[in-house]
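S.K.: mmCIF, C-alpha atoms; chains and numbers go by the auth columns, file final.cif:
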```
data_query
loop_
_atom_site.group_PDB
_atom_site.id
_atom_site.type_symbol
_atom_site.label_atom_id
_atom_site.label_comp_id
_atom_site.label_asym_id
_atom_site.label_seq_id
_atom_site.Cartn_x
_atom_site.Cartn_y
_atom_site.Cartn_z
_atom_site.B_iso_or_equiv
_atom_site.auth_seq_id
_atom_site.auth_asym_id
ATOM 1 C CA MET A 1 17.807 -10.399 -7.572 0.00 1028 A
ATOM 2 C CA SER A 2 15.002 -7.978 -8.421 0.00 1029 A
ATOM 3 C CA ASP A 3 13.237 -5.301 -6.429 0.00 1030 A
ATOM 4 C CA ASP A 4 9.710 -6.432 -7.326 0.00 1031 A
ATOM 5 C CA ALA A 5 9.062 -8.014 -3.927 0.00 1032 A
ATOM 6 C CA ASP A 6 10.198 -4.828 -2.188 0.00 1033 A
ATOM 7 C CA ILE A 7 7.933 -2.723 -4.417 0.00 1034 A
ATOM 8 C CA SER A 8 4.991 -5.019 -3.639 0.00 1035 A
ATOM 9 C CA ARG A 9 5.749 -4.708 0.075 0.00 1036 A
ATOM 10 C CA GLU A 10 5.808 -0.939 -0.227 0.00 1037 A
ATOM 11 C CA ILE A 11 2.447 -0.991 -2.069 0.00 1038 A
ATOM 12 C CA LYS A 12 0.873 -2.951 0.795 0.00 1039 A
ATOM 13 C CA CYS A 13 2.392 -0.582 3.342 0.00 1040 A
ATOM 14 C CA LEU A 14 1.095 2.477 1.508 0.00 1041 A
ATOM 15 C CA PHE A 15 -2.445 1.077 1.348 0.00 1042 A
ATOM 16 C CA THR A 16 -2.254 0.164 5.040 0.00 1043 A
ATOM 17 C CA ARG A 17 -1.008 3.581 6.144 0.00 1044 A
ATOM 18 C CA THR A 18 -3.618 5.343 4.018 0.00 1045 A
ATOM 19 C CA ASN A 19 -6.452 3.212 5.398 0.00 1046 A
ATOM 20 C CA ILE A 20 -5.316 4.009 8.946 0.00 1047 A
ATOM 21 C CA LEU A 21 -5.276 7.729 8.116 0.00 1048 A
ATOM 22 C CA ILE A 22 -8.733 7.535 6.519 0.00 1049 A
ATOM 23 C CA ARG A 23 -10.158 5.715 9.521 0.00 1050 A
ATOM 24 C CA ARG A 24 -8.700 8.096 12.102 0.00 1051 A
ATOM 25 C CA PHE A 25 -8.551 11.494 10.379 0.00 1052 A
ATOM 26 C CA SER A 26 -11.293 11.559 7.729 0.00 1053 A
ATOM 27 C CA LYS A 27 -13.005 14.598 9.249 0.00 1054 A
ATOM 28 C CA CYS A 28 -9.907 16.812 9.471 0.00 1055 A
ATOM 29 C CA SER A 29 -9.286 19.857 7.313 0.00 1056 A
ATOM 30 C CA VAL A 30 -7.374 19.623 4.028 0.00 1057 A
ATOM 31 C CA THR A 31 -4.367 21.385 5.568 0.00 1058 A
ATOM 32 C CA VAL A 32 -4.108 18.808 8.346 0.00 1059 A
ATOM 33 C CA LYS A 33 -4.640 15.966 5.870 0.00 1060 A
ATOM 34 C CA LYS A 34 -1.818 17.272 3.677 0.00 1061 A
ATOM 35 C CA LYS A 35 0.569 17.273 6.642 0.00 1062 A
ATOM 36 C CA LEU A 36 -0.511 13.777 7.659 0.00 1063 A
ATOM 37 C CA PHE A 37 -0.234 12.396 4.116 0.00 1064 A
ATOM 38 C CA THR A 38 3.191 13.950 3.665 0.00 1065 A
ATOM 39 C CA ALA A 39 4.436 12.566 6.974 0.00 1066 A
ATOM 40 C CA PHE A 40 3.008 9.056 6.771 0.00 1067 A
ATOM 41 C CA CYS A 41 2.611 8.236 3.078 0.00 1068 A
ATOM 42 C CA LEU A 42 5.567 9.875 1.350 0.00 1069 A
ATOM 43 C CA CYS A 43 8.269 8.024 3.264 0.00 1070 A
ATOM 44 C CA PHE A 44 9.176 5.144 0.978 0.00 1071 A
ATOM 45 C CA TYR A 45 11.850 2.852 2.365 0.00 1072 A
ATOM 46 C CA ASP A 46 14.948 2.463 0.128 0.00 1073 A
ATOM 47 C CA VAL A 47 13.185 3.655 -3.025 0.00 1074 A
ATOM 48 C CA ALA A 48 16.420 5.286 -4.203 0.00 1075 A
ATOM 49 C CA LEU A 49 18.139 1.906 -4.354 0.00 1076 A
ATOM 50 C CA TRP A 50 15.622 0.227 -6.648 0.00 1077 A
ATOM 51 C CA SER A 51 17.259 -0.526 -9.977 0.00 1078 A
ATOM 52 C CA SER A 52 16.071 -3.948 -11.128 0.00 1079 A
ATOM 53 C CA PHE A 53 12.307 -4.239 -11.435 0.00 1080 A
ATOM 54 C CA ILE A 54 9.551 -4.968 -13.928 0.00 1081 A
ATOM 55 C CA ALA A 55 7.863 -1.865 -15.328 0.00 1082 A
ATOM 56 C CA CYS A 56 4.347 -3.118 -14.556 0.00 1083 A
ATOM 57 C CA CYS A 57 5.254 -3.527 -10.884 0.00 1084 A
ATOM 58 C CA PHE A 58 6.540 0.033 -10.725 0.00 1085 A
ATOM 59 C CA ASN A 59 3.403 1.264 -12.543 0.00 1086 A
ATOM 60 C CA ARG A 60 1.245 -0.488 -9.940 0.00 1087 A
ATOM 61 C CA PHE A 61 3.122 1.446 -7.264 0.00 1088 A
ATOM 62 C CA SER A 62 2.462 4.699 -9.111 0.00 1089 A
ATOM 63 C CA SER A 63 -1.252 3.975 -9.430 0.00 1090 A
ATOM 64 C CA CYS A 64 -1.337 2.939 -5.764 0.00 1091 A
ATOM 65 C CA TYR A 65 0.097 6.327 -4.807 0.00 1092 A
ATOM 66 C CA TYR A 66 -2.613 8.186 -6.703 0.00 1093 A
ATOM 67 C CA LYS A 67 -5.412 5.875 -5.503 0.00 1094 A
ATOM 68 C CA CYS A 68 -4.379 6.436 -1.905 0.00 1095 A
ATOM 69 C CA MET A 69 -4.243 10.172 -2.427 0.00 1096 A
ATOM 70 C CA LYS A 70 -7.712 10.215 -3.999 0.00 1097 A
ATOM 71 C CA ALA A 71 -9.171 8.055 -1.244 0.00 1098 A
ATOM 72 C CA PHE A 72 -7.709 10.094 1.604 0.00 1099 A
ATOM 73 C CA PHE A 73 -8.648 13.493 0.212 0.00 1100 A
ATOM 74 C CA GLY A 74 -12.107 12.410 -0.983 0.00 1101 A
ATOM 75 C CA TYR A 75 -11.666 12.698 -4.741 0.00 1102 A
ATOM 76 C CA LYS A 76 -13.757 10.565 -7.058 0.00 1103 A
ATOM 77 C CA LYS A 77 -12.274 7.579 -8.866 0.00 1104 A
ATOM 78 C CA TYR A 78 -12.148 9.209 -12.304 0.00 1105 A
ATOM 79 C CA SER A 79 -11.170 12.733 -11.264 0.00 1106 A
ATOM 80 C CA SER A 80 -8.078 14.256 -12.847 0.00 1107 A
ATOM 81 C CA VAL A 81 -4.791 13.454 -11.131 0.00 1108 A
ATOM 82 C CA THR A 82 -3.177 16.634 -12.445 0.00 1109 A
ATOM 83 C CA ASN A 83 -6.010 18.767 -11.114 0.00 1110 A
ATOM 84 C CA MET A 84 -5.837 16.994 -7.758 0.00 1111 A
ATOM 85 C CA LEU A 85 -2.073 17.552 -7.463 0.00 1112 A
ATOM 86 C CA LEU A 86 -2.454 21.232 -8.345 0.00 1113 A
ATOM 87 C CA GLU A 87 -5.275 21.783 -5.846 0.00 1114 A
ATOM 88 C CA LEU A 88 -3.478 20.013 -3.017 0.00 1115 A
ATOM 89 C CA GLY A 89 0.032 21.193 -3.796 0.00 1116 A
ATOM 90 C CA LEU A 90 1.456 17.718 -3.286 0.00 1117 A
ATOM 91 C CA PRO A 91 4.263 16.239 -5.415 0.00 1118 A
ATOM 92 C CA SER A 92 3.612 13.753 -8.188 0.00 1119 A
ATOM 93 C CA PHE A 93 4.858 10.182 -7.891 0.00 1120 A
ATOM 94 C CA ASN A 94 7.744 10.765 -10.298 0.00 1121 A
ATOM 95 C CA THR A 95 8.802 13.842 -8.335 0.00 1122 A
ATOM 96 C CA VAL A 96 8.906 11.875 -5.081 0.00 1123 A
ATOM 97 C CA ILE A 97 11.003 9.124 -6.667 0.00 1124 A
ATOM 98 C CA CYS A 98 13.415 11.541 -8.387 0.00 1125 A
ATOM 99 C CA ASN A 99 13.863 13.628 -5.240 0.00 1126 A
ATOM 100 C CA SER A 100 14.705 10.574 -3.154 0.00 1127 A
ATOM 101 C CA LYS A 101 17.263 9.387 -5.729 0.00 1128 A
ATOM 102 C CA ILE A 102 18.883 12.823 -5.908 0.00 1129 A
ATOM 103 C CA LYS A 103 19.031 13.112 -2.108 0.00 1130 A
ATOM 104 C CA PHE A 104 20.546 9.638 -1.822 0.00 1131 A
ATOM 105 C CA LYS A 105 23.227 10.377 -4.416 0.00 1132 A
ATOM 106 C CA SER A 106 24.147 13.692 -2.812 0.00 1133 A
ATOM 107 C CA ARG A 107 24.353 12.125 0.649 0.00 1134 A
ATOM 108 C CA SER A 108 26.464 9.209 -0.532 0.00 1135 A
ATOM 109 C CA ALA A 109 28.787 11.540 -2.461 0.00 1136 A
ATOM 110 C CA ASN A 110 29.556 13.494 0.716 0.00 1137 A
ATOM 111 C CA VAL A 111 30.485 10.432 2.780 0.00 1138 A
ATOM 112 C CA ILE A 112 34.179 10.053 3.594 0.00 1139 A
ATOM 113 C CA ASN A 113 33.866 6.376 4.530 0.00 1140 A
ATOM 114 C CA SER A 114 35.989 4.051 2.361 0.00 1141 A
ATOM 115 C CA ILE A 115 33.458 1.211 2.513 0.00 1142 A
ATOM 116 C CA VAL A 116 30.616 3.400 1.286 0.00 1143 A
ATOM 117 C CA GLY A 117 32.900 4.764 -1.447 0.00 1144 A
ATOM 118 C CA LEU A 118 33.031 1.289 -2.958 0.00 1145 A
ATOM 119 C CA PHE A 119 29.286 1.425 -3.691 0.00 1146 A
ATOM 120 C CA GLU A 120 29.157 4.739 -5.523 0.00 1147 A
ATOM 121 C CA CYS A 121 26.258 5.161 -7.903 0.00 1148 A
#
```
Could I get this file's structure written as structure tokens?
M.R.:
Amino acid sequence: MSDDADISREIKCLFTRTNILIRRFSKCSVTVKKKLFTAFCLCFYDVALWSSFIACCFNRFSSCYYKCMKAFFGYKKYSSVTNMLLELGLPSFNTVICNSKIKFKSRSANVINSIVGLFEC
């Protein structure tokens, strides 16, 4: 009853999507790459529902996010993540996770369905 398997699946999916983007769109401009990365790599399935997981598994997902970003945008392995995020204007991993949790809670709070009301966060 933990979310570790789902997090591992999402890590594999993120690496796969990033490798596809690198293979097909490596010569595009940074503006186009930002749109592609936002559309294909920032859509994490059911991340707002994760509640039971091991911290190291979640940390691997965070490092995967930054590795994929560095690989797609051509940053070196040891370049600063903060500098990269500021230059690109993309959200950090924690921001993506928090935003998805907030959006999920606000959407579920506005539902008038009695069955969904039973599962309030």
S.K.: Do you know which residues the PyMOL selection byres ((chain A and resi 1073) around 10) returns on this file, as an MDAnalysis selection string?
M.R.: chainID A and resid 1033:1034 1037 1070:1072 1074:1077 1127:1128 1131
S.K.: Once 5 Å is added on each side, what centre and edge lengths in Å to one decimal does the axis-aligned box around all listed atoms of range 1076-1082 of chain A have, as AutoDock Vina command-line options?
M.R.:
```
--center_x 13.0 --center_y -1.5 --center_z -9.8 --size_x 20.3 --size_y 16.9 --size_z 21.0
```
S.K.: Which one of A:Thr1058, A:Asn1086, A:Asn1046, A:Ser1119 sits closest to Asp1031 in chain A if you count all atoms listed in the file?
M.R.: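 Of the candidates, the smallest distance to Asp1031 in chain A is held by A:Asn1086.
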S.K.: Could you check how far CA of Ser1056 in chain A sits from CA of Leu1113 in chain A, in Å to one decimal?
M.R.: 17.1 Å
S.K.: Write out as a PyMOL selection string the residues lying within 10 Å of range 1090-1101 of chain A, counting all atoms listed in the file and excluding same-chain residues fewer than 3 positions away.
M.R.: chain A and resi 1037-1039+1041-1050+1052-1053+1055-1057+1060-1061+1064+1068-1069+1085-1087+1104-1108+1111-1112+1115+1117+1119-1120
S.K.: Work out how far apart CA of Pro1118 in chain A and CA of Ala1066 in chain A are and give it in Å to one decimal.
M.R.: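 Going from CA of Pro1118 in chain A over to CA of Ala1066 in chain A, I get 12.9 Å.
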S.K.: Enter the distance from CA of Asn1140 in chain A to CA of Val1123 in chain A, in Å, rounded to one decimal.
M.R.: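 That distance, rounded to one decimal, is 27.3 Å.
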S.K.: Rank A:Ile1129, A:Ser1089, A:Glu1114, A:Cys1084 by their smallest atom-to-atom distance to Tyr1102 in chain A, using only C-alpha atoms, and report the top residue only.
M.R.: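 Of A:Ile1129, A:Ser1089, A:Glu1114, A:Cys1084, the one nearest Tyr1102 in chain A is A:Glu1114, counting only C-alpha atoms.
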S.K.: Of the candidates A:Asn1126, A:Asn1121, A:Ser1135, A:Ser1035, which one gets nearest to Phe1080 in chain A if we count all atoms listed in the file?
M.R.: A:Ser1035
S.K.: Only C-alpha atoms needed: put range 1041-1061 of chain A from the block into a file as a tab-separated table (two decimals), in the first residue's frame.
M.R.:
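Output file selection_8.tsv follows:
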```
chain	number	residue	atom	x	y	z
A	1041	LEU	CA	9.88	11.01	-17.57
A	1042	PHE	CA	13.19	9.62	-18.84
A	1043	THR	CA	11.41	8.11	-21.85
A	1044	ARG	CA	9.57	11.31	-22.76
A	1045	THR	CA	12.74	13.37	-22.37
A	1046	ASN	CA	14.77	11.01	-24.55
A	1047	ILE	CA	12.10	11.22	-27.26
A	1048	LEU	CA	12.19	15.03	-27.08
A	1049	ILE	CA	16.00	15.06	-27.23
A	1050	ARG	CA	16.03	12.75	-30.24
A	1051	ARG	CA	13.40	14.69	-32.19
A	1052	PHE	CA	13.83	18.33	-31.13
A	1053	SER	CA	17.46	18.80	-30.08
A	1054	LYS	CA	18.09	21.53	-32.66
A	1055	CYS	CA	15.09	23.71	-31.77
A	1056	SER	CA	15.32	27.07	-30.06
A	1057	VAL	CA	15.12	27.41	-26.27
A	1058	THR	CA	11.64	28.92	-26.51
A	1059	VAL	CA	10.32	25.93	-28.43
A	1060	LYS	CA	12.10	23.53	-26.07
A	1061	LYS	CA	10.50	25.21	-23.06
```
